[in-house]
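Colleague: Dropping a structure here in structure tokens format, bear with me for questions.
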Amino acid sequence: MNSPIPSDQPSVATSRTRVAQGMIWTGRLLLLASILGPVATVLQIVQAFDAVANDPDRPNTADLAVRINESLLPSLIAAPVALVAISIVTLGFILRRPENTPPPQSTEEH
């Protein structure tokens, strides 16, 4: 027969909600971390232009190109991290939804 769930064990719905909340917070933290990539890229590009502008010799465009190329690496890493984070947050919200339950039956006759 059906036995009630012992009170000391969490229900499946409670465990599912905890997992969903953990996924949502993990995704949010990853999204915040992925913001650092473009910020670091902008700072490094500014430094690259500053280094070329303050060069007492003739500015070297090849040096500028190498510095800009190196500065794009944080954004290259941050983009996939942001995509994973968005997927984790979305899945967390999907898991957090209540399960489908049938609508209550109306006892009134039309």
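Here's how to read the names in the structure tokens: chain A, B, ... by the order shown, residue numbers from 1 in each chain, ligand numbers from 1 in the order shown.
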Applying 8 Å and only C-alpha atoms, which residues near Gly27 (chain A) remain after dropping the ones on its own chain fewer than 3 positions away? List them as a PyMOL selection string.
Modeller: chain A and resi 23-24+30-31+84-89
Colleague: Restricting it to C-alpha atoms, dump the selection as a PDB file, in the first residue's frame.
Modeller:
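Result file result10.pdb:
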ATOM      1  CA  MET A  23      21.452  25.907 -10.750  1.00  0.00           C
ATOM      2  CA  ILE A  24      19.971  29.397 -10.893  1.00  0.00           C
ATOM      3  CA  LEU A  30      28.863  32.473 -14.085  1.00  0.00           C
ATOM      4  CA  LEU A  31      27.084  35.333 -15.860  1.00  0.00           C
ATOM      5  CA  VAL A  84      26.666  27.936 -20.520  1.00  0.00           C
ATOM      6  CA  ALA A  85      25.482  30.241 -17.737  1.00  0.00           C
ATOM      7  CA  ILE A  86      22.357  31.218 -19.667  1.00  0.00           C
ATOM      8  CA  SER A  87      21.621  27.539 -20.298  1.00  0.00           C
ATOM      9  CA  ILE A  88      22.054  26.676 -16.606  1.00  0.00           C
ATOM     10  CA  VAL A  89      19.800  29.524 -15.461  1.00  0.00           C
TER      11      VAL A  89
END
Colleague: Near Val19 (chain A), within 12 Å and counting only C-alpha atoms, which residues show up once chain neighbours fewer than 6 positions away are dropped, as a list in words?
Modeller: Val12, Ala13, Trp25, Thr26, Ile88, Val89, Leu91, Gly92, Phe93, Ile94, Leu95 and Arg96 of chain A
Colleague: Take the residues just selected and output them with N, CA and C atoms as a PDB file, in the first residue's frame.
Modeller:
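The resulting selection12.pdb:
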ATOM      1  N   VAL A  12      10.547  14.690  -3.115  1.00  0.00           N
ATOM      2  CA  VAL A  12      11.182  14.851  -4.425  1.00  0.00           C
ATOM      3  C   VAL A  12      11.037  16.297  -4.902  1.00  0.00           C
ATOM      4  N   ALA A  13       9.868  16.889  -4.656  1.00  0.00           N
ATOM      5  CA  ALA A  13       9.643  18.271  -5.081  1.00  0.00           C
ATOM      6  C   ALA A  13      10.593  19.225  -4.364  1.00  0.00           C
ATOM      7  N   TRP A  25      21.482  29.993  -9.082  1.00  0.00           N
ATOM      8  CA  TRP A  25      22.561  30.796  -8.479  1.00  0.00           C
ATOM      9  C   TRP A  25      23.900  30.542  -9.149  1.00  0.00           C
ATOM     10  N   THR A  26      24.177  29.294  -9.516  1.00  0.00           N
ATOM     11  CA  THR A  26      25.429  28.992 -10.224  1.00  0.00           C
ATOM     12  C   THR A  26      25.471  29.719 -11.562  1.00  0.00           C
ATOM     13  N   ILE A  88      22.254  27.164 -17.972  1.00  0.00           N
ATOM     14  CA  ILE A  88      22.054  26.676 -16.606  1.00  0.00           C
ATOM     15  C   ILE A  88      20.910  27.423 -15.925  1.00  0.00           C
ATOM     16  N   VAL A  89      20.876  28.732 -16.073  1.00  0.00           N
ATOM     17  CA  VAL A  89      19.800  29.524 -15.461  1.00  0.00           C
ATOM     18  C   VAL A  89      18.450  29.130 -16.058  1.00  0.00           C
ATOM     19  N   LEU A  91      17.560  26.281 -17.478  1.00  0.00           N
ATOM     20  CA  LEU A  91      17.200  24.952 -17.012  1.00  0.00           C
ATOM     21  C   LEU A  91      16.757  24.992 -15.552  1.00  0.00           C
ATOM     22  N   GLY A  92      17.420  25.821 -14.746  1.00  0.00           N
ATOM     23  CA  GLY A  92      17.013  25.966 -13.352  1.00  0.00           C
ATOM     24  C   GLY A  92      15.603  26.498 -13.217  1.00  0.00           C
ATOM     25  N   PHE A  93      15.248  27.481 -14.046  1.00  0.00           N
ATOM     26  CA  PHE A  93      13.885  28.017 -14.007  1.00  0.00           C
ATOM     27  C   PHE A  93      12.871  26.986 -14.502  1.00  0.00           C
ATOM     28  N   ILE A  94      13.255  26.189 -15.488  1.00  0.00           N
ATOM     29  CA  ILE A  94      12.355  25.141 -15.977  1.00  0.00           C
ATOM     30  C   ILE A  94      12.118  24.093 -14.895  1.00  0.00           C
ATOM     31  N   LEU A  95      13.182  23.694 -14.209  1.00  0.00           N
ATOM     32  CA  LEU A  95      13.041  22.696 -13.145  1.00  0.00           C
ATOM     33  C   LEU A  95      12.265  23.231 -11.949  1.00  0.00           C
ATOM     34  N   ARG A  96      12.301  24.534 -11.752  1.00  0.00           N
ATOM     35  CA  ARG A  96      11.632  25.131 -10.598  1.00  0.00           C
ATOM     36  C   ARG A  96      10.123  25.207 -10.784  1.00  0.00           C
TER      37      ARG A  96
END
Colleague: Which value, in Å to one decimal, gives the distance between CA of Pro38 (chain A) and CA of Asn69 (chain A)?
Modeller: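 The value is 13.5 Å.
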Colleague: Determine the nearest neighbour of Glu70 (chain A) from the options A:Ala82, A:Val42, A:Ala53, A:Ala33, counting only C-alpha atoms.
Modeller: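 Closest to Glu70 (chain A) of all the choices is A:Val42.
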Colleague: Determine, counting only C-alpha atoms, which protein, DNA and RNA residues have an atom within 9 Å of an atom of Pro74 (chain A); residues of the same chain fewer than 4 positions away are not included. Present the result as an MDAnalysis selection string.
Modeller: chainID A and resid 34 36:41 70 78:79
Colleague: Please save N, CA and C atoms of the selected residues as a JSON list (two decimals), in the first residue's frame.
Modeller:
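For reference, again-v4.json as written:
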[["chain", "number", "residue", "atom", "x", "y", "z"],
["A", 34, "SER", "N", 31.41, 36.15, -16.37],
["A", 34, "SER", "CA", 31.65, 36.34, -17.80],
["A", 34, "SER", "C", 31.68, 37.82, -18.19],
["A", 36, "LEU", "N", 33.47, 39.94, -16.74],
["A", 36, "LEU", "CA", 34.87, 40.36, -16.58],
["A", 36, "LEU", "C", 35.67, 40.23, -17.88],
["A", 37, "GLY", "N", 35.28, 39.32, -18.76],
["A", 37, "GLY", "CA", 36.00, 39.14, -20.03],
["A", 37, "GLY", "C", 36.01, 40.39, -20.89],
["A", 38, "PRO", "N", 34.84, 40.93, -21.23],
["A", 38, "PRO", "CA", 34.84, 42.15, -22.04],
["A", 38, "PRO", "C", 35.48, 43.35, -21.32],
["A", 39, "VAL", "N", 35.33, 43.42, -20.01],
["A", 39, "VAL", "CA", 35.96, 44.52, -19.27],
["A", 39, "VAL", "C", 37.48, 44.42, -19.38],
["A", 40, "ALA", "N", 38.01, 43.21, -19.21],
["A", 40, "ALA", "CA", 39.46, 43.02, -19.33],
["A", 40, "ALA", "C", 39.92, 43.30, -20.75],
["A", 41, "THR", "N", 39.12, 42.94, -21.73],
["A", 41, "THR", "CA", 39.47, 43.20, -23.13],
["A", 41, "THR", "C", 39.59, 44.70, -23.39],
["A", 70, "GLU", "N", 46.16, 39.79, -28.48],
["A", 70, "GLU", "CA", 46.28, 39.21, -27.14],
["A", 70, "GLU", "C", 45.16, 39.67, -26.22],
["A", 78, "ALA", "N", 35.11, 34.36, -22.34],
["A", 78, "ALA", "CA", 33.87, 34.75, -21.63],
["A", 78, "ALA", "C", 32.62, 34.41, -22.42],
["A", 79, "ALA", "N", 32.67, 34.42, -23.73],
["A", 79, "ALA", "CA", 31.47, 34.17, -24.53],
["A", 79, "ALA", "C", 30.90, 32.77, -24.30]]
Colleague: Quick one: distance from CA of Ala51 (chain A) to CA of Ala65 (chain A) in Å, one decimal?
Modeller: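 So the answer is 12.0 Å.
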Colleague: Apply DSSP to the backbone of this structure and, from chain A, keep only the residues in alpha helix (DSSP H); write these as an MDAnalysis selection string.
Modeller: chainID A and resid 12:53 61:71 73:96
Colleague: Separation of CA of Ala48 (chain A) and CA of Val66 (chain A), in Å?
Modeller: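 Taking CA of Ala48 (chain A) as the start and CA of Val66 (chain A) as the end point, the length is 9.0 Å.
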Colleague: Skipping near chain neighbours, those fewer than 6 positions away, what residues fall within 8 Å of Gln44 (chain A) using only C-alpha atoms, listed as a count of residues only?
Modeller: 3
